[in-house]
file model18.txt (compact mmCIF, C-alpha atoms)
# COMPACT_ATOMS: atom_id res chain seq x y z
CA MET A 1 0.00 0.00 0.00
CA ASP A 2 1.38 3.38 -0.99
CA PRO A 3 1.26 5.66 2.11
CA THR A 4 1.20 8.76 -0.10
CA ARG A 5 -1.50 7.61 -2.54
CA ASP A 6 -3.83 10.41 -3.70
CA GLY A 7 -1.28 12.93 -2.47
CA HIS A 8 -2.19 12.49 1.18
CA GLY A 9 0.06 11.05 3.86
CA ARG A 10 -1.34 7.87 5.39
CA SER A 11 -0.28 6.17 8.58
CA LYS A 12 0.14 2.41 8.86
CA PRO A 13 -3.25 0.72 9.37
CA ALA A 14 -4.11 -0.32 12.92
CA TRP A 15 -3.71 -4.00 13.84
CA GLY A 16 -7.42 -4.74 13.51
CA HIS A 17 -7.48 -3.28 10.02
CA ARG A 18 -4.41 -5.31 9.08
CA VAL A 19 -6.12 -8.51 10.26
CA LEU A 20 -9.16 -7.77 8.11
CA GLN A 21 -6.92 -6.96 5.15
CA LYS A 22 -5.56 -10.50 5.32
CA ALA A 23 -8.93 -11.66 4.03
CA GLU A 24 -8.39 -9.53 0.92
CA ASP A 25 -5.12 -11.33 0.23
CA ALA A 26 -6.54 -14.86 0.53
CA GLU A 27 -5.96 -15.97 -3.08
CA ALA A 28 -6.85 -19.54 -2.11
CA LEU A 29 -10.47 -18.40 -1.98
CA ASP A 30 -10.52 -17.24 -5.60
CA GLY A 31 -11.83 -20.57 -6.90
CA PRO A 32 -14.97 -20.83 -4.76
CA ALA A 33 -15.43 -17.05 -4.72
CA THR A 34 -15.39 -16.86 -8.52
CA GLY A 35 -17.63 -19.91 -8.80
CA LEU A 36 -20.21 -18.38 -6.49
CA GLY A 37 -20.03 -15.14 -8.47
CA ARG A 38 -20.78 -17.03 -11.71
CA VAL A 39 -23.77 -18.76 -10.14
CA LEU A 40 -25.18 -15.47 -8.90
CA ASN A 41 -24.31 -13.45 -11.98
CA GLY A 42 -27.27 -12.07 -13.86
CA GLU A 43 -29.22 -8.89 -14.26
CA SER A 44 -32.97 -8.59 -14.07
CA GLY A 45 -35.53 -6.23 -12.64
CA VAL A 46 -35.87 -8.40 -9.56
CA THR A 47 -32.11 -8.57 -9.05
CA ARG A 48 -31.77 -4.81 -9.35
CA GLN A 49 -34.45 -4.32 -6.70
CA LEU A 50 -32.78 -6.85 -4.41
CA ARG A 51 -29.58 -4.84 -4.79
CA GLY A 52 -31.40 -1.69 -3.66
CA HIS A 53 -31.96 0.18 -6.91
CA ALA A 54 -35.22 1.76 -5.72
CA LEU A 55 -33.59 3.06 -2.53
CA GLY A 56 -30.28 4.09 -4.10
CA HIS A 57 -28.07 1.94 -1.88
CA PRO A 58 -27.80 -1.75 -0.91
CA LEU A 59 -30.60 -3.28 1.18
CA HIS A 60 -28.45 -5.94 2.84
CA PRO A 61 -27.06 -3.62 5.57
CA ILE A 62 -30.63 -2.78 6.59
CA ALA A 63 -31.79 -6.40 6.66
CA VAL A 64 -28.94 -7.61 8.87
CA THR A 65 -29.95 -5.28 11.70
CA VAL A 66 -32.91 -7.54 12.58
CA PRO A 67 -31.06 -10.83 13.25
CA ILE A 68 -28.08 -9.05 14.77
CA GLY A 69 -30.30 -6.96 17.04
CA ALA A 70 -32.43 -9.94 18.05
CA TRP A 71 -29.42 -12.12 18.84
CA LEU A 72 -27.65 -9.38 20.75
CA CYS A 73 -30.75 -8.76 22.84
CA SER A 74 -31.08 -12.50 23.46
CA ALA A 75 -27.62 -12.44 25.05
CA VAL A 76 -28.77 -9.69 27.42
CA PHE A 77 -31.88 -11.64 28.44
CA ASP A 78 -29.76 -14.73 28.98
CA LEU A 79 -28.09 -12.81 31.80
CA LEU A 80 -31.39 -12.05 33.53
CA PRO A 81 -32.92 -14.48 36.05
CA ASP A 82 -36.26 -14.77 34.21
CA GLY A 83 -35.05 -14.04 30.70
CA ARG A 84 -34.62 -17.52 29.22
CA ASP A 85 -37.97 -17.67 27.43
CA THR A 86 -37.53 -14.19 26.00
CA ALA A 87 -34.00 -15.04 24.88
CA ARG A 88 -35.33 -18.13 23.08
CA ARG A 89 -38.00 -16.08 21.31
CA LEU A 90 -35.45 -13.47 20.27
CA ILE A 91 -33.20 -16.18 18.85
CA ALA A 92 -36.17 -17.48 16.87
CA THR A 93 -36.87 -13.96 15.59
CA GLY A 94 -33.29 -13.67 14.36
CA LEU A 95 -33.48 -17.05 12.66
CA LEU A 96 -36.69 -16.07 10.86
CA ALA A 97 -35.14 -12.79 9.66
CA ALA A 98 -31.79 -14.27 8.59
CA PRO A 99 -32.91 -15.69 5.19
CA ALA A 100 -33.89 -12.24 3.92
CA ALA A 101 -30.47 -10.89 4.87
CA VAL A 102 -28.81 -13.83 3.10
CA VAL A 103 -30.78 -13.32 -0.13
CA LEU A 104 -30.01 -9.61 -0.22
CA GLY A 105 -26.34 -10.23 0.52
CA LEU A 106 -26.06 -12.77 -2.28
CA ALA A 107 -27.71 -10.33 -4.68
CA ASP A 108 -24.90 -7.87 -3.93
CA TYR A 109 -22.14 -10.47 -4.22
CA ALA A 110 -22.13 -10.79 -8.01
CA ASN A 111 -21.10 -7.14 -8.42
CA LEU A 112 -18.03 -7.40 -6.19
CA ASP A 113 -14.48 -7.32 -7.51
CA VAL A 114 -11.89 -10.05 -6.87
CA ARG A 115 -10.63 -8.77 -3.51
CA GLN A 116 -14.10 -7.88 -2.30
CA ARG A 117 -15.36 -11.37 -3.16
CA ARG A 118 -12.67 -12.92 -0.96
CA VAL A 119 -13.85 -10.87 2.00
CA GLY A 120 -17.48 -11.42 1.05
CA LEU A 121 -17.03 -15.19 1.04
CA ILE A 122 -15.51 -15.21 4.54
CA HIS A 123 -18.21 -12.78 5.68
CA ALA A 124 -20.88 -15.15 4.39
CA ALA A 125 -19.20 -18.16 6.02
CA ALA A 126 -19.01 -16.38 9.38
CA ASN A 127 -22.68 -15.45 9.21
CA ALA A 128 -23.67 -18.96 8.14
CA THR A 129 -21.76 -20.30 11.13
CA ALA A 130 -23.53 -17.82 13.41
CA THR A 131 -26.93 -18.83 12.06
CA ALA A 132 -26.16 -22.53 12.52
CA LEU A 133 -25.00 -21.95 16.10
CA PHE A 134 -28.09 -19.93 16.99
CA GLY A 135 -30.24 -22.60 15.35
CA ALA A 136 -28.56 -25.25 17.48
CA SER A 137 -29.01 -23.03 20.55
CA TYR A 138 -32.72 -22.66 19.82
CA LEU A 139 -33.18 -26.43 19.50
CA ALA A 140 -31.23 -27.03 22.70
CA ARG A 141 -33.41 -24.54 24.55
CA ARG A 142 -36.59 -26.17 23.27
CA ASN A 143 -35.32 -29.50 24.58
CA GLY A 144 -34.36 -27.99 27.93
CA ARG A 145 -30.62 -28.46 27.40
CA GLY A 146 -29.40 -24.93 27.94
CA GLY A 147 -27.97 -23.51 24.73
CA ARG A 148 -26.26 -20.47 26.23
CA LEU A 149 -22.76 -21.51 25.16
CA LEU A 150 -23.94 -22.11 21.60
CA ALA A 151 -25.57 -18.68 21.58
CA ALA A 152 -22.37 -17.07 22.91
CA LEU A 153 -20.36 -18.73 20.14
CA GLY A 154 -22.99 -17.61 17.65
CA LEU A 155 -22.71 -14.04 18.85
CA ALA A 156 -18.92 -14.20 18.47
CA ALA A 157 -19.34 -15.45 14.89
CA THR A 158 -21.86 -12.67 14.27
CA GLY A 159 -19.32 -10.13 15.49
CA ALA A 160 -16.65 -11.53 13.18
CA GLY A 161 -19.08 -11.46 10.26
CA GLY A 162 -20.06 -7.90 11.10
CA ALA A 163 -16.44 -6.78 11.21
CA LEU A 164 -15.84 -8.33 7.78
CA GLY A 165 -19.01 -6.74 6.44
CA GLY A 166 -17.92 -3.37 7.75
CA HIS A 167 -14.53 -3.80 6.09
CA LEU A 168 -16.23 -4.76 2.84
CA ALA A 169 -18.47 -1.70 2.88
CA TYR A 170 -16.29 1.01 4.39
CA ALA A 171 -12.69 0.00 3.69
CA GLN A 172 -13.29 -1.60 0.28
CA GLY A 173 -16.25 0.54 -0.78
CA ALA A 174 -18.54 -2.28 -1.91
CA GLY A 175 -21.80 -0.78 -3.16
CA VAL A 176 -20.57 2.80 -2.76
CA PHE A 177 -21.79 5.31 -5.41
CA ARG A 178 -23.48 2.50 -7.32
CA TRP A 179 -26.40 4.73 -8.30
CA GLN A 180 -25.07 8.08 -7.11
CA THR A 181 -23.47 10.45 -9.60
CA LEU A 182 -21.11 13.14 -8.37
CA ASP A 183 -21.00 15.02 -11.68
CA ASP A 184 -23.47 17.69 -10.60
CA LEU A 185 -21.85 18.41 -7.23
CA ALA A 186 -19.37 21.22 -6.68
CA PRO A 187 -15.93 20.08 -5.42
CA ALA A 188 -16.32 22.25 -2.34
CA GLU A 189 -19.50 20.37 -1.42
CA LEU A 190 -17.56 17.13 -1.43
CA ALA A 191 -14.40 18.37 0.25
CA GLY A 192 -15.98 20.62 2.88
CA GLU A 193 -14.13 23.64 4.23
CA HIS A 194 -10.69 22.32 3.26
CA PRO A 195 -10.70 21.20 -0.41
CA ALA A 196 -7.03 20.19 -0.26
CA ALA A 197 -7.63 17.77 2.60
CA PRO A 198 -8.70 14.16 2.06
CA ARG A 199 -12.45 13.64 2.20
CA ASN A 200 -12.21 10.91 4.82
CA PRO A 201 -8.96 11.42 6.75
CA ALA A 202 -7.86 8.38 8.75
call {"tool": "encode", "arguments": {"input": "model18.txt", "output": "structure tokens"}}
result
Amino acid sequence: MDPTRDGHGRSKPAWGHRVLQKAEDAEALDGPATGLGRVLNGESGVTRQLRGHALGHPLHPIAVTVPIGAWLCSAVFDLLPDGRDTARRLIATGLLAAPAAVVLGLADYANLDVRQRRVGLIHAAANATATALFGASYLARRNGRGGRLLAALGLAATGAGGALGGHLAYAQGAGVFRWQTLDDLAPAELAGEHPAAPRNPA
């Protein structure tokens, strides 16, 4: 990485950022990542709507808030003396909402570049793991076998998936300016009070 790219000095990325960047470099994933991209490749009116054309930005980040929020709240209720039933219902809510998030995420995947697809594949695997763990936790709770450890592991996988999704969106710019043109905007409107400064200084 060129620390002076775009004419602006850049410090070395923090350790967490460097860890996430390792996913971008995982060339071993190119086979399955490209294969999944081919399967999902295609353009139709339905696909465009699933990618967020009507709203002007991807729908997947909105959809994921439901399972993530439900599962996070379930962890809170697991800590309360009388919260087990509520935690189980919240886990079920997250499981019911997860398929929509998966479909919308897959709709976005076909438009990713090579490095983004590597991160996207690991992001999807982490979220699939989280969903499986919460599913197992729900079944264990229904059978009276606890399930808290499975839910805790699921929440950890959810956090890892969220970190990768954030890297994909904010560090790699997946889905950014897909339907937004900057041609009609004045440079000062984009740069703010200091046009010579980077738009998003680290």
call {"tool": "closest_residue", "arguments": {"input": "model18.txt", "among": "A:Leu80, A:Val66, A:Leu106, A:Ala152", "to": "Leu121 in chain A", "atoms": "only C-alpha atoms"}}
result
A:Leu106
call {"tool": "closest_residue", "arguments": {"input": "model18.txt", "among": "A:Ala125, A:Leu112, A:Ala151, A:Ile62", "to": "Ile91 in chain A", "atoms": "all atoms listed in the file"}}
result
A:Ala151
call {"tool": "closest_residue", "arguments": {"input": "model18.txt", "among": "A:Ala171, A:Leu79, A:Ala100, A:Arg178", "to": "Arg18 in chain A", "atoms": "all atoms listed in the file"}}
result
A:Ala171
call {"tool": "closest_atom_pairs", "arguments": {"input": "model18.txt", "of": "range 155-185 of chain A", "to": "range 36-54 of chain A", "cutoff": "12 Å", "atoms": "all atoms listed in the file", "output": "tab-separated table"}}
result
residue	atom	partner	partner_atom	distance
A:Ala174	CA	A:Arg51	CA	11.7
A:Gly175	CA	A:Arg51	CA	8.9
A:Val176	CA	A:Gly52	CA	11.8
A:Phe177	CA	A:His53	CA	11.5
A:Arg178	CA	A:His53	CA	8.8
A:Trp179	CA	A:His53	CA	7.3
A:Gln180	CA	A:His53	CA	10.5
call {"tool": "closest_residue", "arguments": {"input": "model18.txt", "among": "A:Phe77, A:Arg118, A:Leu96, A:Pro61", "to": "Gly35 in chain A", "atoms": "all atoms listed in the file"}}
result
A:Arg118
call {"tool": "decode", "arguments": {"input": "model18.txt", "residues": "range 80-143 of chain A", "atoms": "C-alpha atoms", "output": "compact mmCIF listing (two decimals), in the first residue's frame"}}
result
# COMPACT_ATOMS: atom_id res chain seq x y z
CA LEU A 80 -31.39 -12.05 33.53
CA PRO A 81 -32.92 -14.48 36.05
CA ASP A 82 -36.26 -14.77 34.21
CA GLY A 83 -35.05 -14.04 30.70
CA ARG A 84 -34.62 -17.52 29.22
CA ASP A 85 -37.97 -17.67 27.43
CA THR A 86 -37.53 -14.19 26.00
CA ALA A 87 -34.00 -15.04 24.88
CA ARG A 88 -35.33 -18.13 23.08
CA ARG A 89 -38.00 -16.08 21.31
CA LEU A 90 -35.45 -13.47 20.27
CA ILE A 91 -33.20 -16.18 18.85
CA ALA A 92 -36.17 -17.48 16.87
CA THR A 93 -36.87 -13.96 15.59
CA GLY A 94 -33.29 -13.67 14.36
CA LEU A 95 -33.48 -17.05 12.66
CA LEU A 96 -36.69 -16.07 10.86
CA ALA A 97 -35.14 -12.79 9.66
CA ALA A 98 -31.79 -14.27 8.59
CA PRO A 99 -32.91 -15.69 5.19
CA ALA A 100 -33.89 -12.24 3.92
CA ALA A 101 -30.47 -10.89 4.87
CA VAL A 102 -28.81 -13.83 3.10
CA VAL A 103 -30.78 -13.32 -0.13
CA LEU A 104 -30.01 -9.61 -0.22
CA GLY A 105 -26.34 -10.23 0.52
CA LEU A 106 -26.06 -12.77 -2.28
CA ALA A 107 -27.71 -10.33 -4.68
CA ASP A 108 -24.90 -7.87 -3.93
CA TYR A 109 -22.14 -10.47 -4.22
CA ALA A 110 -22.13 -10.79 -8.01
CA ASN A 111 -21.10 -7.14 -8.42
CA LEU A 112 -18.03 -7.40 -6.19
CA ASP A 113 -14.48 -7.32 -7.51
CA VAL A 114 -11.89 -10.05 -6.87
CA ARG A 115 -10.63 -8.77 -3.51
CA GLN A 116 -14.10 -7.88 -2.30
CA ARG A 117 -15.36 -11.37 -3.16
CA ARG A 118 -12.67 -12.92 -0.96
CA VAL A 119 -13.85 -10.87 2.00
CA GLY A 120 -17.48 -11.42 1.05
CA LEU A 121 -17.03 -15.19 1.04
CA ILE A 122 -15.51 -15.21 4.54
CA HIS A 123 -18.21 -12.78 5.68
CA ALA A 124 -20.88 -15.15 4.39
CA ALA A 125 -19.20 -18.16 6.02
CA ALA A 126 -19.01 -16.38 9.38
CA ASN A 127 -22.68 -15.45 9.21
CA ALA A 128 -23.67 -18.96 8.14
CA THR A 129 -21.76 -20.30 11.13
CA ALA A 130 -23.53 -17.82 13.41
CA THR A 131 -26.93 -18.83 12.06
CA ALA A 132 -26.16 -22.53 12.52
CA LEU A 133 -25.00 -21.95 16.10
CA PHE A 134 -28.09 -19.93 16.99
CA GLY A 135 -30.24 -22.60 15.35
CA ALA A 136 -28.56 -25.25 17.48
CA SER A 137 -29.01 -23.03 20.55
CA TYR A 138 -32.72 -22.66 19.82
CA LEU A 139 -33.18 -26.43 19.50
CA ALA A 140 -31.23 -27.03 22.70
CA ARG A 141 -33.41 -24.54 24.55
CA ARG A 142 -36.59 -26.17 23.27
CA ASN A 143 -35.32 -29.50 24.58
